[in-house]
$ cat query.cif   # mmCIF, C-alpha atoms
data_start
loop_
_atom_site.label_atom_id
_atom_site.label_comp_id
_atom_site.auth_asym_id
_atom_site.auth_seq_id
_atom_site.Cartn_x
_atom_site.Cartn_y
_atom_site.Cartn_z
CA MET A 723 0.00 0.00 0.00
CA ASN A 724 1.26 3.49 -0.86
CA SER A 725 1.46 6.42 1.53
CA HIS A 726 -1.39 8.91 1.85
CA PRO A 727 -1.91 10.65 -1.55
CA TRP A 728 -1.58 14.11 -0.02
CA PHE A 729 1.69 13.16 1.65
CA TYR A 730 3.05 12.07 -1.73
CA ARG A 731 2.01 15.38 -3.29
CA LEU A 732 3.53 17.32 -0.41
CA SER A 733 6.82 15.44 -0.68
CA LEU A 734 6.92 16.01 -4.45
CA LEU A 735 6.36 19.74 -3.93
CA ALA A 736 9.06 19.84 -1.24
CA THR A 737 11.51 18.05 -3.56
CA ALA A 738 10.91 20.57 -6.35
CA THR A 739 11.29 23.43 -3.87
CA ALA A 740 14.53 21.96 -2.50
CA LEU A 741 15.96 21.76 -6.02
CA CYS A 742 15.09 25.43 -6.55
CA VAL A 743 16.72 26.34 -3.22
CA VAL A 744 19.93 24.50 -4.15
CA VAL A 745 20.18 26.12 -7.58
CA LEU A 746 19.21 29.56 -6.26
CA GLY A 747 21.79 29.22 -3.48
CA ALA A 748 24.47 28.52 -6.08
CA TRP A 749 23.39 31.58 -8.06
CA VAL A 750 23.54 33.75 -4.92
CA ARG A 751 27.03 32.49 -4.09
CA LEU A 752 28.35 32.81 -7.65
CA THR A 753 27.05 36.38 -8.00
CA ASP A 754 28.95 37.28 -4.80
CA ALA A 755 25.71 37.97 -2.93
CA GLY A 756 26.38 35.61 -0.03
CA LEU A 757 26.97 38.62 2.20
CA GLY A 758 24.35 40.76 0.49
CA CYS A 759 22.79 40.93 3.94
CA PRO A 760 25.52 41.05 6.62
CA ASP A 761 23.19 39.92 9.44
CA TRP A 762 20.77 37.05 9.95
CA PRO A 763 17.83 36.32 9.72
CA GLY A 764 16.96 39.84 8.62
CA CYS A 765 18.77 42.20 6.29
CA TYR A 766 20.43 45.25 7.86
CA GLY A 767 18.15 44.84 10.85
CA GLN A 768 14.86 44.56 8.94
CA TRP A 769 12.84 41.83 7.20
CA ASP A 770 13.40 43.13 3.69
CA VAL A 771 16.21 44.96 1.93
CA PRO A 772 16.66 48.71 2.59
CA ASN A 773 15.57 50.44 -0.60
CA THR A 774 14.80 54.05 0.27
CA PRO A 775 17.52 56.70 0.64
CA GLU A 776 16.71 57.05 4.35
CA ALA A 777 16.76 53.31 5.01
CA ILE A 778 19.98 52.82 3.03
CA ALA A 779 21.69 55.65 4.91
CA ALA A 780 20.63 54.18 8.25
CA ALA A 781 21.82 50.71 7.21
CA ASN A 782 25.18 52.03 6.04
CA GLU A 783 25.61 53.80 9.35
CA ALA A 784 24.73 50.66 11.31
CA PHE A 785 26.96 48.40 9.13
CA PRO A 786 29.81 50.66 7.94
CA ASP A 787 31.97 47.73 6.76
CA THR A 788 29.28 46.35 4.43
CA PRO A 789 27.52 49.13 2.52
CA VAL A 790 24.11 48.31 1.08
CA HIS A 791 23.97 46.73 -2.36
CA VAL A 792 20.25 46.46 -3.07
CA GLY A 793 20.55 43.85 -5.84
CA LYS A 794 22.76 41.53 -3.81
CA GLY A 795 20.57 42.02 -0.76
CA TRP A 796 17.43 40.97 -2.62
CA ARG A 797 19.14 37.91 -4.10
CA GLU A 798 20.13 36.80 -0.62
CA MET A 799 16.71 37.52 0.91
CA VAL A 800 14.77 35.74 -1.85
CA HIS A 801 16.95 32.70 -1.17
CA ARG A 802 16.17 32.96 2.55
CA TYR A 803 12.44 33.33 1.92
CA LEU A 804 12.39 30.26 -0.34
CA ALA A 805 14.51 28.24 2.10
CA SER A 806 12.13 29.21 4.91
CA GLY A 807 9.19 28.05 2.79
CA LEU A 808 10.98 24.73 2.25
CA GLY A 809 11.50 24.43 6.00
CA LEU A 810 7.76 24.89 6.60
CA LEU A 811 6.97 22.26 3.96
CA ILE A 812 9.32 19.77 5.62
CA VAL A 813 7.86 20.45 9.07
CA GLY A 814 4.41 19.89 7.57
CA MET A 815 5.61 16.60 6.08
CA GLY A 816 6.98 15.53 9.44
CA VAL A 817 3.70 16.26 11.24
CA PHE A 818 1.67 14.54 8.50
CA ALA A 819 3.94 11.48 8.48
CA TRP A 820 3.82 11.13 12.27
CA ARG A 821 0.03 11.30 12.32
CA GLN A 822 -0.18 8.73 9.50
CA ARG A 823 2.61 6.49 10.81
CA HIS A 824 0.28 3.52 11.41
CA ARG A 825 -0.88 3.56 7.78
CA PRO A 826 0.80 0.70 5.83
CA GLY A 827 3.32 2.10 3.39
CA GLN A 828 3.61 5.50 5.08
CA PRO A 829 7.25 6.64 5.54
CA TRP A 830 7.72 8.54 8.80
CA ARG A 831 11.28 8.03 10.07
CA VAL A 832 13.02 9.86 7.20
CA PRO A 833 10.49 12.75 7.27
CA LEU A 834 11.25 13.26 10.97
CA LEU A 835 14.98 13.10 10.20
CA LEU A 836 14.41 15.77 7.55
CA VAL A 837 12.86 18.09 10.14
CA ALA A 838 16.05 17.86 12.22
CA LEU A 839 18.22 18.26 9.12
CA VAL A 840 16.45 21.37 7.88
CA CYS A 841 16.82 22.95 11.33
CA PHE A 842 20.56 22.28 11.18
CA GLN A 843 20.60 23.72 7.66
CA GLY A 844 19.12 26.91 9.04
CA LEU A 845 21.92 27.06 11.60
CA LEU A 846 24.52 26.55 8.87
CA GLY A 847 22.86 29.33 6.87
CA ALA A 848 23.21 31.66 9.84
CA TRP A 849 26.86 30.71 10.33
CA THR A 850 27.51 31.23 6.62
CA VAL A 851 26.63 34.89 7.08
CA THR A 852 27.86 35.59 10.61
CA TRP A 853 31.17 33.78 10.00
CA GLN A 854 31.59 35.63 6.68
CA LEU A 855 31.52 32.82 4.12
CA LYS A 856 33.91 30.49 5.94
CA PRO A 857 34.68 27.78 3.31
CA ALA A 858 34.14 24.82 5.66
CA VAL A 859 30.70 26.15 6.65
CA VAL A 860 29.62 27.08 3.12
CA THR A 861 30.70 23.67 1.83
CA ALA A 862 28.81 21.97 4.67
CA HIS A 863 25.77 24.10 3.81
CA LEU A 864 25.98 22.92 0.19
CA LEU A 865 26.23 19.28 1.28
CA GLY A 866 23.32 19.77 3.68
CA GLY A 867 21.19 21.19 0.88
CA LEU A 868 21.96 18.28 -1.44
CA THR A 869 21.36 15.79 1.38
CA THR A 870 17.98 17.40 2.05
CA LEU A 871 17.11 17.23 -1.65
CA SER A 872 18.21 13.59 -1.90
CA LEU A 873 16.24 12.48 1.17
CA LEU A 874 13.14 14.30 -0.04
CA TRP A 875 13.38 12.53 -3.37
CA TRP A 876 13.90 9.22 -1.55
CA VAL A 877 10.74 9.81 0.51
CA THR A 878 8.83 10.72 -2.66
CA LEU A 879 9.93 7.55 -4.45
CA ARG A 880 9.21 5.31 -1.47
CA SER A 881 5.79 6.91 -1.03
CA ASN A 882 4.79 6.02 -4.58
CA ARG A 883 6.70 2.69 -4.68
CA LEU A 884 6.80 2.68 -8.48
CA GLY A 885 9.69 0.46 -9.60
CA ALA A 886 10.89 -0.26 -6.05
CA GLY A 887 13.15 -3.31 -5.88
CA ARG A 888 12.91 -4.06 -9.61
CA LEU A 889 16.70 -4.55 -9.76
CA SER A 890 17.09 -6.28 -6.41
CA GLN A 891 18.34 -9.48 -8.06
CA VAL A 892 21.26 -7.82 -9.88
CA ARG A 893 24.32 -9.29 -8.21
CA GLY A 894 26.84 -6.80 -6.81
CA LEU A 895 24.73 -3.75 -7.65
CA GLY A 896 24.23 -2.72 -4.02
CA VAL A 897 27.98 -2.49 -3.38
CA PHE A 898 28.56 -0.70 -6.68
CA LEU A 899 25.86 1.84 -5.82
CA ALA A 900 27.33 2.47 -2.36
CA VAL A 901 30.78 3.12 -3.85
CA GLY A 902 29.25 5.33 -6.53
CA VAL A 903 27.35 7.47 -4.02
CA LEU A 904 30.47 7.86 -1.85
CA ALA A 905 32.51 8.87 -4.89
CA ALA A 906 29.89 11.40 -5.99
CA VAL A 907 29.59 12.92 -2.51
CA GLY A 908 33.37 13.15 -2.24
CA GLN A 909 33.62 14.93 -5.57
CA ILE A 910 30.77 17.30 -4.69
CA THR A 911 32.60 18.12 -1.46
CA LEU A 912 35.75 18.91 -3.44
CA GLY A 913 33.67 21.03 -5.81
CA GLY A 914 32.23 22.97 -2.89
CA TRP A 915 35.72 23.49 -1.47
CA THR A 916 36.93 24.67 -4.89
CA SER A 917 34.07 27.13 -5.25
CA THR A 918 34.15 28.54 -1.72
CA ASN A 919 37.90 29.13 -1.98
CA TYR A 920 37.46 30.83 -5.37
CA ALA A 921 39.73 28.26 -7.03
CA ALA A 922 37.56 27.42 -10.05
CA LEU A 923 39.86 29.31 -12.43
CA ALA A 924 43.16 28.63 -10.65
CA CYS A 925 43.81 26.25 -13.56
CA ASN A 926 42.65 28.18 -16.60
CA GLU A 927 43.54 25.66 -19.30
CA PHE A 928 42.27 22.22 -20.28
CA PRO A 929 43.54 19.52 -20.22
CA ALA A 930 46.65 21.24 -18.88
CA CYS A 931 46.42 23.34 -15.74
CA SER A 932 48.34 26.52 -16.53
CA LEU A 933 51.04 27.61 -18.98
CA GLY A 934 50.94 24.18 -20.59
CA GLU A 935 51.81 22.40 -17.32
CA TYR A 936 49.63 19.52 -16.15
CA TRP A 937 51.04 19.49 -12.61
CA PRO A 938 52.64 22.84 -11.67
CA ASP A 939 55.52 22.47 -9.19
CA ASN A 940 54.41 25.42 -7.08
CA ALA A 941 50.97 24.02 -6.17
CA ASP A 942 50.62 24.37 -2.39
CA PHE A 943 48.56 21.43 -1.09
CA SER A 944 49.32 21.96 2.60
CA GLU A 945 47.89 25.48 2.52
CA GLY A 946 45.02 24.68 0.18
CA PHE A 947 43.38 22.17 2.52
CA VAL A 948 43.52 23.91 5.87
CA LEU A 949 39.95 23.37 7.04
CA TRP A 950 39.80 25.85 9.91
CA ARG A 951 41.48 29.25 10.06
CA GLY A 952 39.62 30.71 13.01
CA LEU A 953 36.88 33.34 13.09
CA GLY A 954 36.89 37.03 12.32
CA VAL A 955 38.14 36.71 8.73
CA ASN A 956 36.06 37.80 5.75
CA TYR A 957 36.38 35.02 3.16
CA GLU A 958 34.52 36.82 0.37
CA PHE A 959 36.64 36.48 -2.81
CA GLY A 960 38.97 34.11 -0.93
CA VAL A 961 42.04 34.48 1.28
CA LEU A 962 44.39 31.94 -0.34
CA ASP A 963 47.25 32.75 -2.67
CA HIS A 964 47.35 31.33 -6.19
CA PRO A 965 49.49 28.19 -5.50
CA ALA A 966 47.04 27.05 -2.80
CA ARG A 967 44.03 27.63 -5.05
CA MET A 968 45.79 25.77 -7.85
CA ALA A 969 46.32 22.78 -5.54
CA ILE A 970 42.60 22.69 -4.72
CA HIS A 971 41.69 22.80 -8.40
CA LEU A 972 44.11 20.00 -9.25
CA VAL A 973 42.65 17.72 -6.58
CA HIS A 974 39.16 18.47 -7.90
CA ARG A 975 40.29 17.40 -11.37
CA ILE A 976 41.74 14.16 -9.98
CA GLY A 977 38.45 13.58 -8.19
CA ALA A 978 36.60 14.11 -11.48
CA ILE A 979 38.66 11.37 -13.13
CA ALA A 980 38.02 9.00 -10.21
CA VAL A 981 34.27 9.61 -10.07
CA THR A 982 34.01 9.26 -13.86
CA LEU A 983 35.63 5.83 -13.69
CA VAL A 984 33.44 4.70 -10.77
CA LEU A 985 30.13 5.99 -12.12
CA GLY A 986 31.02 4.93 -15.63
CA GLY A 987 31.49 1.41 -14.27
CA LEU A 988 28.17 1.67 -12.42
CA ALA A 989 26.40 2.77 -15.60
CA PHE A 990 27.85 -0.21 -17.48
CA TRP A 991 26.81 -2.58 -14.65
CA LEU A 992 23.27 -1.25 -14.81
CA TRP A 993 23.22 -1.49 -18.61
CA ARG A 994 24.17 -5.16 -18.46
CA ALA A 995 21.10 -5.85 -16.29
CA GLY A 996 18.78 -5.00 -19.18
CA GLY A 997 15.24 -3.64 -18.92
CA LEU A 998 14.91 -0.95 -16.26
CA GLY A 999 18.61 -1.39 -15.50
CA ARG A 1000 19.43 -0.26 -19.02
CA VAL A 1001 17.31 2.87 -18.55
CA MET A 1002 19.05 3.64 -15.25
CA GLY A 1003 22.46 3.01 -16.81
CA VAL A 1004 21.71 5.58 -19.52
CA ALA A 1005 20.48 8.04 -16.85
CA VAL A 1006 23.67 7.66 -14.77
CA ALA A 1007 25.90 7.97 -17.83
CA GLY A 1008 23.94 10.97 -19.11
CA ALA A 1009 24.03 12.87 -15.82
CA LEU A 1010 27.74 12.07 -15.41
CA GLY A 1011 28.62 13.07 -18.97
CA LEU A 1012 26.70 16.32 -18.67
CA GLN A 1013 28.55 17.20 -15.46
CA VAL A 1014 31.93 16.48 -17.02
CA LEU A 1015 31.17 18.60 -20.08
CA ILE A 1016 29.91 21.51 -17.96
CA GLY A 1017 33.01 21.32 -15.77
CA ILE A 1018 35.29 21.45 -18.81
CA GLY A 1019 33.25 24.31 -20.25
CA ASN A 1020 33.64 26.30 -17.06
CA VAL A 1021 37.43 26.21 -17.48
CA ILE A 1022 37.51 26.82 -21.24
CA TYR A 1023 35.03 29.72 -21.13
CA SER A 1024 36.34 31.25 -17.87
CA LEU A 1025 33.43 30.38 -15.57
CA PRO A 1026 30.41 32.05 -17.18
CA LEU A 1027 27.59 32.40 -14.66
CA THR A 1028 25.17 30.19 -16.58
CA LEU A 1029 27.60 27.27 -16.75
CA ALA A 1030 28.74 27.76 -13.16
CA VAL A 1031 25.15 27.55 -11.86
CA ALA A 1032 24.47 24.64 -14.21
CA HIS A 1033 27.41 22.76 -12.67
CA ASN A 1034 25.69 22.95 -9.28
CA ALA A 1035 22.38 21.90 -10.81
CA GLY A 1036 24.19 19.02 -12.51
CA ALA A 1037 25.48 17.80 -9.16
CA ALA A 1038 21.93 17.84 -7.83
CA LEU A 1039 20.69 15.95 -10.90
CA LEU A 1040 23.39 13.32 -10.47
CA MET A 1041 22.39 12.75 -6.83
CA LEU A 1042 18.71 12.42 -7.82
CA VAL A 1043 19.62 9.79 -10.43
CA LEU A 1044 21.71 7.84 -7.91
CA VAL A 1045 18.90 7.96 -5.33
CA THR A 1046 16.52 6.64 -7.99
CA ALA A 1047 18.95 3.81 -8.74
CA ILE A 1048 19.03 2.87 -5.06
CA HIS A 1049 15.23 2.92 -5.02
CA VAL A 1050 14.93 0.45 -7.89
CA ARG A 1051 17.63 -1.72 -6.31
CA ARG A 1052 16.16 -1.88 -2.80
CA PRO A 1053 12.79 -3.61 -2.20
CA ILE A 1054 10.30 -2.15 0.28
CA ALA A 1055 9.82 -4.40 3.28
CA ARG A 1056 6.29 -5.75 3.67
CA SER A 1057 4.39 -4.34 6.64
#
$ encode --input "query.cif" --output "C-alpha cells"
Amino acid sequence: MNSHPWFYRLSLLATATALCVVVLGAWVRLTDAGLGCPDWPGCYGQWDVPNTPEAIAAANEAFPDTPVHVGKGWREMVHRYLASGLGLLIVGMGVFAWRQRHRPGQPWRVPLLLVALVCFQGLLGAWTVTWQLKPAVVTAHLLGGLTTLSLLWWVTLRSNRLGAGRLSQVRGLGVFLAVGVLAAVGQITLGGWTSTNYAALACNEFPACSLGEYWPDNADFSEGFVLWRGLGVNYEFGVLDHPARMAIHLVHRIGAIAVTLVLGGLAFWLWRAGGLGRVMGVAVAGALGLQVLIGIGNVIYSLPLTLAVAHNAGAALLMLVLVTAIHVRRPIARS
C-alpha cells in the first residue's frame, strides 16, 4: 500500500522546492551575494532589503563595513524566503507522516529526520553569514542542501513505490551503488571546497592546468586544505594565494577522473542488467557526462555564470539519479 496521496504530493512539492533552493543558493554564491545581507535572519536589521535613501543611509551607518547593495541584498533575501518556505513544507511533512505512521506504506522516520536536518541547515545558513563565508561552513551548507534534496526525493519515491526493488536481483549492484554514491559525494565536497575558496579558475587551461603544465611544481597542497582558520576573517573572494588555489583545483580534477571511472562502471553494470537497469544506466551515464562537459566548459570559457550555476544543478541531478537507482535496487519491506 502506498502512503497517503496528499503526503506524496507534499513530498513532491518539497523536492521541487529543495531543487530550486539548491540552484538559487548557487546563483547567490556565484554572484557574490552571499553577504548581500551582513546579518541574519533579517537584512540590515529589517525583514526586507533597505531600498529608500533614508533606510539605506541608516543601514550604512549601522553596518559601515558592508555598505548596502540592493541587488545583492534581494538575491540573498529571496533565497532565505524560499529556504524558509521549504522548512515549513518539511515540518508539515513531518507532522503529516507522524500522524499517518500507522498507515501501511507511510514513511515517517526519514520525514522526521528531515525536520532535524532542515533545522541544522538553518543554523549553517546563519553561520555562513555571521562567519563571513567560511569555506568549511559554506561547503557543509551545500552538502546539507543536497542531502535534504536527496532524502526528499527518496521519501517521494518510497511513497509512490513505483519500480521499487525491480533490480534487487542484480548481483553486486548494491555495493557498486554504495561506492558510486560515496565517490559522488566526495567529488561534490571537493567542488564545494573549490568554489568557496574561489579556485575554479586557478587552472585556466584544459587539459593542462596553466602555462601548458599539467602538474605545476608550485601548487601548495598543505595550505590549500587547511579546514579551519579561526573566526573574524572575511572570506569573500577568498584568502588563499594562487598556488594554494591551484592545488585545490588539481585535486578536484583528480576527483573528477576517479568519479568518472566509478560511475562509468556503475552505468555499465546497470546497462548489463537490461530492462529498467538499461534505462538507469543511460540516466547515470547521461548525468555524469553532462557534469563532465559543464566542468570542462567552465574552465575553457572562464566560468560564465550560466555554466557555473548549471554545474551545481548538474550535481543535484546526479544525486537524484543515484537515489533513484538505489530505489529500484532496494525492495520495500512488507508491513
$ closest_atom_pairs --input "query.cif" --of "segment 965-999 of chain A" --to "segment 884-904 of chain A" --cutoff "7 Å" --atoms "all atoms listed in the file" --output "JSON lines"
{"residue": "A:Val984", "atom": "CA", "partner": "A:Gly902", "partner_atom": "CA", "distance": 6.0}
{"residue": "A:Leu985", "atom": "CA", "partner": "A:Gly902", "partner_atom": "CA", "distance": 5.7}
{"residue": "A:Leu988", "atom": "CA", "partner": "A:Phe898", "partner_atom": "CA", "distance": 6.2}
{"residue": "A:Ala995", "atom": "CA", "partner": "A:Val892", "partner_atom": "CA", "distance": 6.7}
{"residue": "A:Gly999", "atom": "CA", "partner": "A:Leu889", "partner_atom": "CA", "distance": 6.8}
$ resolve_selection --input "query.cif" --expression "the PyMOL selection byres ((chain A and resi 1025) around 12)" --output "ChimeraX atom specification"
/A:752-753,917,920-927,1016-1024,1026-1033
$ residues_around --input "query.cif" --residues "Val851 of chain A" --least-positions-apart "3" --cutoff "9 Å" --atoms "all atoms listed in the file" --output "ChimeraX atom specification"
/A:756-757,759-762,846-848,854-856
$ resolve_selection --input "query.cif" --expression "the PyMOL selection byres ((chain A and resi 942-955) around 7)" --output "PyMOL selection string"
chain A and resi 853-854+858+940-941+956-957+965-967+969-970
$ atom_distance --input "query.cif" --atom1 "atom CA of Thr878 of chain A" --atom2 "atom CA of Val859 of chain A"
28.3 Å
$ residues_near_point --input "query.cif" --point "(20.1, 32.9, -6.5)" --cutoff "12 Å" --atoms "only C-alpha atoms" --output "number ranges by chain"
A: 741-756, 758, 793-805, 1027-1028, 1031, 1034
$ residues_around --input "query.cif" --residues "Leu868 of chain A" --least-positions-apart "5" --cutoff "10 Å" --atoms "all atoms listed in the file" --output "list in words"
Ala740, Leu741, Val743, Val744, Ala862, His863, Leu873, Leu874, Val907, Ile910, Asn1034, Ala1037, Ala1038, Leu1039, Met1041 and Leu1042 of chain A
$ write_last_selection --input "query.cif" --atoms "C-alpha atoms" --output "PDB file, in the frame of the given file"
ATOM      1  CA  ALA A 740      14.530  21.960  -2.500  1.00  0.00           C
ATOM      2  CA  LEU A 741      15.960  21.760  -6.020  1.00  0.00           C
ATOM      3  CA  VAL A 743      16.720  26.340  -3.220  1.00  0.00           C
ATOM      4  CA  VAL A 744      19.930  24.500  -4.150  1.00  0.00           C
ATOM      5  CA  ALA A 862      28.810  21.970   4.670  1.00  0.00           C
ATOM      6  CA  HIS A 863      25.770  24.100   3.810  1.00  0.00           C
ATOM      7  CA  LEU A 873      16.240  12.480   1.170  1.00  0.00           C
ATOM      8  CA  LEU A 874      13.140  14.300  -0.040  1.00  0.00           C
ATOM      9  CA  VAL A 907      29.590  12.920  -2.510  1.00  0.00           C
ATOM     10  CA  ILE A 910      30.770  17.300  -4.690  1.00  0.00           C
ATOM     11  CA  ASN A1034      25.690  22.950  -9.280  1.00  0.00           C
ATOM     12  CA  ALA A1037      25.480  17.800  -9.160  1.00  0.00           C
ATOM     13  CA  ALA A1038      21.930  17.840  -7.830  1.00  0.00           C
ATOM     14  CA  LEU A1039      20.690  15.950 -10.900  1.00  0.00           C
ATOM     15  CA  MET A1041      22.390  12.750  -6.830  1.00  0.00           C
ATOM     16  CA  LEU A1042      18.710  12.420  -7.820  1.00  0.00           C
TER      17      LEU A1042
END
$ atom_distance --input "query.cif" --atom1 "atom CA of Tyr936 of chain A" --atom2 "atom CA of Leu1010 of chain A"
23.1 Å
$ atom_distance --input "query.cif" --atom1 "atom CA of Cys931 of chain A" --atom2 "atom CA of Leu962 of chain A"
17.8 Å
$ build_atoms --input "query.cif" --residues "segment 1021-1050 of chain A" --atoms "N, CA and C atoms" --output "CSV table (one decimal), keeping the file's coordinate frame"
chain,number,residue,atom,x,y,z
A,1021,VAL,N,36.0,25.8,-17.4
A,1021,VAL,CA,37.4,26.2,-17.5
A,1021,VAL,C,37.7,26.9,-18.8
A,1022,ILE,N,37.2,26.3,-19.9
A,1022,ILE,CA,37.5,26.8,-21.2
A,1022,ILE,C,36.9,28.2,-21.4
A,1023,TYR,N,35.7,28.4,-20.9
A,1023,TYR,CA,35.0,29.7,-21.1
A,1023,TYR,C,35.1,30.6,-19.9
A,1024,SER,N,36.0,30.4,-19.0
A,1024,SER,CA,36.3,31.2,-17.9
A,1024,SER,C,35.1,31.5,-16.9
A,1025,LEU,N,34.5,30.4,-16.6
A,1025,LEU,CA,33.4,30.4,-15.6
A,1025,LEU,C,32.3,31.3,-15.9
A,1026,PRO,N,31.6,31.2,-17.0
A,1026,PRO,CA,30.4,32.0,-17.2
A,1026,PRO,C,29.3,31.7,-16.2
A,1027,LEU,N,28.6,32.6,-15.7
A,1027,LEU,CA,27.6,32.4,-14.7
A,1027,LEU,C,26.6,31.3,-15.0
A,1028,THR,N,26.1,31.2,-16.2
A,1028,THR,CA,25.2,30.2,-16.6
A,1028,THR,C,25.7,28.8,-16.4
A,1029,LEU,N,27.0,28.6,-16.9
A,1029,LEU,CA,27.6,27.3,-16.8
A,1029,LEU,C,28.0,27.0,-15.3
A,1030,ALA,N,28.4,28.0,-14.6
A,1030,ALA,CA,28.7,27.8,-13.2
A,1030,ALA,C,27.5,27.3,-12.3
A,1031,VAL,N,26.4,28.0,-12.6
A,1031,VAL,CA,25.2,27.6,-11.9
A,1031,VAL,C,24.7,26.2,-12.4
A,1032,ALA,N,24.8,25.9,-13.7
A,1032,ALA,CA,24.5,24.6,-14.2
A,1032,ALA,C,25.3,23.5,-13.6
A,1033,HIS,N,26.5,23.8,-13.3
A,1033,HIS,CA,27.4,22.8,-12.7
A,1033,HIS,C,26.9,22.3,-11.3
A,1034,ASN,N,26.3,23.3,-10.6
A,1034,ASN,CA,25.7,23.0,-9.3
A,1034,ASN,C,24.4,22.2,-9.5
A,1035,ALA,N,23.6,22.6,-10.5
A,1035,ALA,CA,22.4,21.9,-10.8
A,1035,ALA,C,22.7,20.5,-11.3
A,1036,GLY,N,23.8,20.3,-12.0
A,1036,GLY,CA,24.2,19.0,-12.5
A,1036,GLY,C,24.5,18.1,-11.4
A,1037,ALA,N,25.2,18.6,-10.3
A,1037,ALA,CA,25.5,17.8,-9.2
A,1037,ALA,C,24.2,17.3,-8.5
A,1038,ALA,N,23.2,18.2,-8.4
A,1038,ALA,CA,21.9,17.8,-7.8
A,1038,ALA,C,21.2,16.8,-8.7
A,1039,LEU,N,21.3,16.9,-10.0
A,1039,LEU,CA,20.7,16.0,-10.9
A,1039,LEU,C,21.4,14.6,-10.7
A,1040,LEU,N,22.7,14.6,-10.6
A,1040,LEU,CA,23.4,13.3,-10.5
A,1040,LEU,C,23.0,12.6,-9.2
A,1041,MET,N,22.8,13.4,-8.1
A,1041,MET,CA,22.4,12.8,-6.8
A,1041,MET,C,21.0,12.2,-6.9
A,1042,LEU,N,20.1,12.9,-7.6
A,1042,LEU,CA,18.7,12.4,-7.8
A,1042,LEU,C,18.7,11.1,-8.6
A,1043,VAL,N,19.5,11.0,-9.6
A,1043,VAL,CA,19.6,9.8,-10.4
A,1043,VAL,C,20.1,8.6,-9.6
A,1044,LEU,N,21.2,8.9,-8.8
A,1044,LEU,CA,21.7,7.8,-7.9
A,1044,LEU,C,20.7,7.4,-6.9
A,1045,VAL,N,19.9,8.3,-6.3
A,1045,VAL,CA,18.9,8.0,-5.3
A,1045,VAL,C,17.8,7.1,-6.0
A,1046,THR,N,17.5,7.4,-7.3
A,1046,THR,CA,16.5,6.6,-8.0
A,1046,THR,C,17.1,5.2,-8.2
A,1047,ALA,N,18.3,5.1,-8.5
A,1047,ALA,CA,19.0,3.8,-8.7
A,1047,ALA,C,18.9,3.0,-7.5
A,1048,ILE,N,19.1,3.6,-6.3
A,1048,ILE,CA,19.0,2.9,-5.1
A,1048,ILE,C,17.6,2.4,-4.8
A,1049,HIS,N,16.6,3.3,-5.2
A,1049,HIS,CA,15.2,2.9,-5.0
A,1049,HIS,C,14.9,1.7,-5.8
A,1050,VAL,N,15.3,1.6,-7.1
A,1050,VAL,CA,14.9,0.4,-7.9
A,1050,VAL,C,15.8,-0.8,-7.5
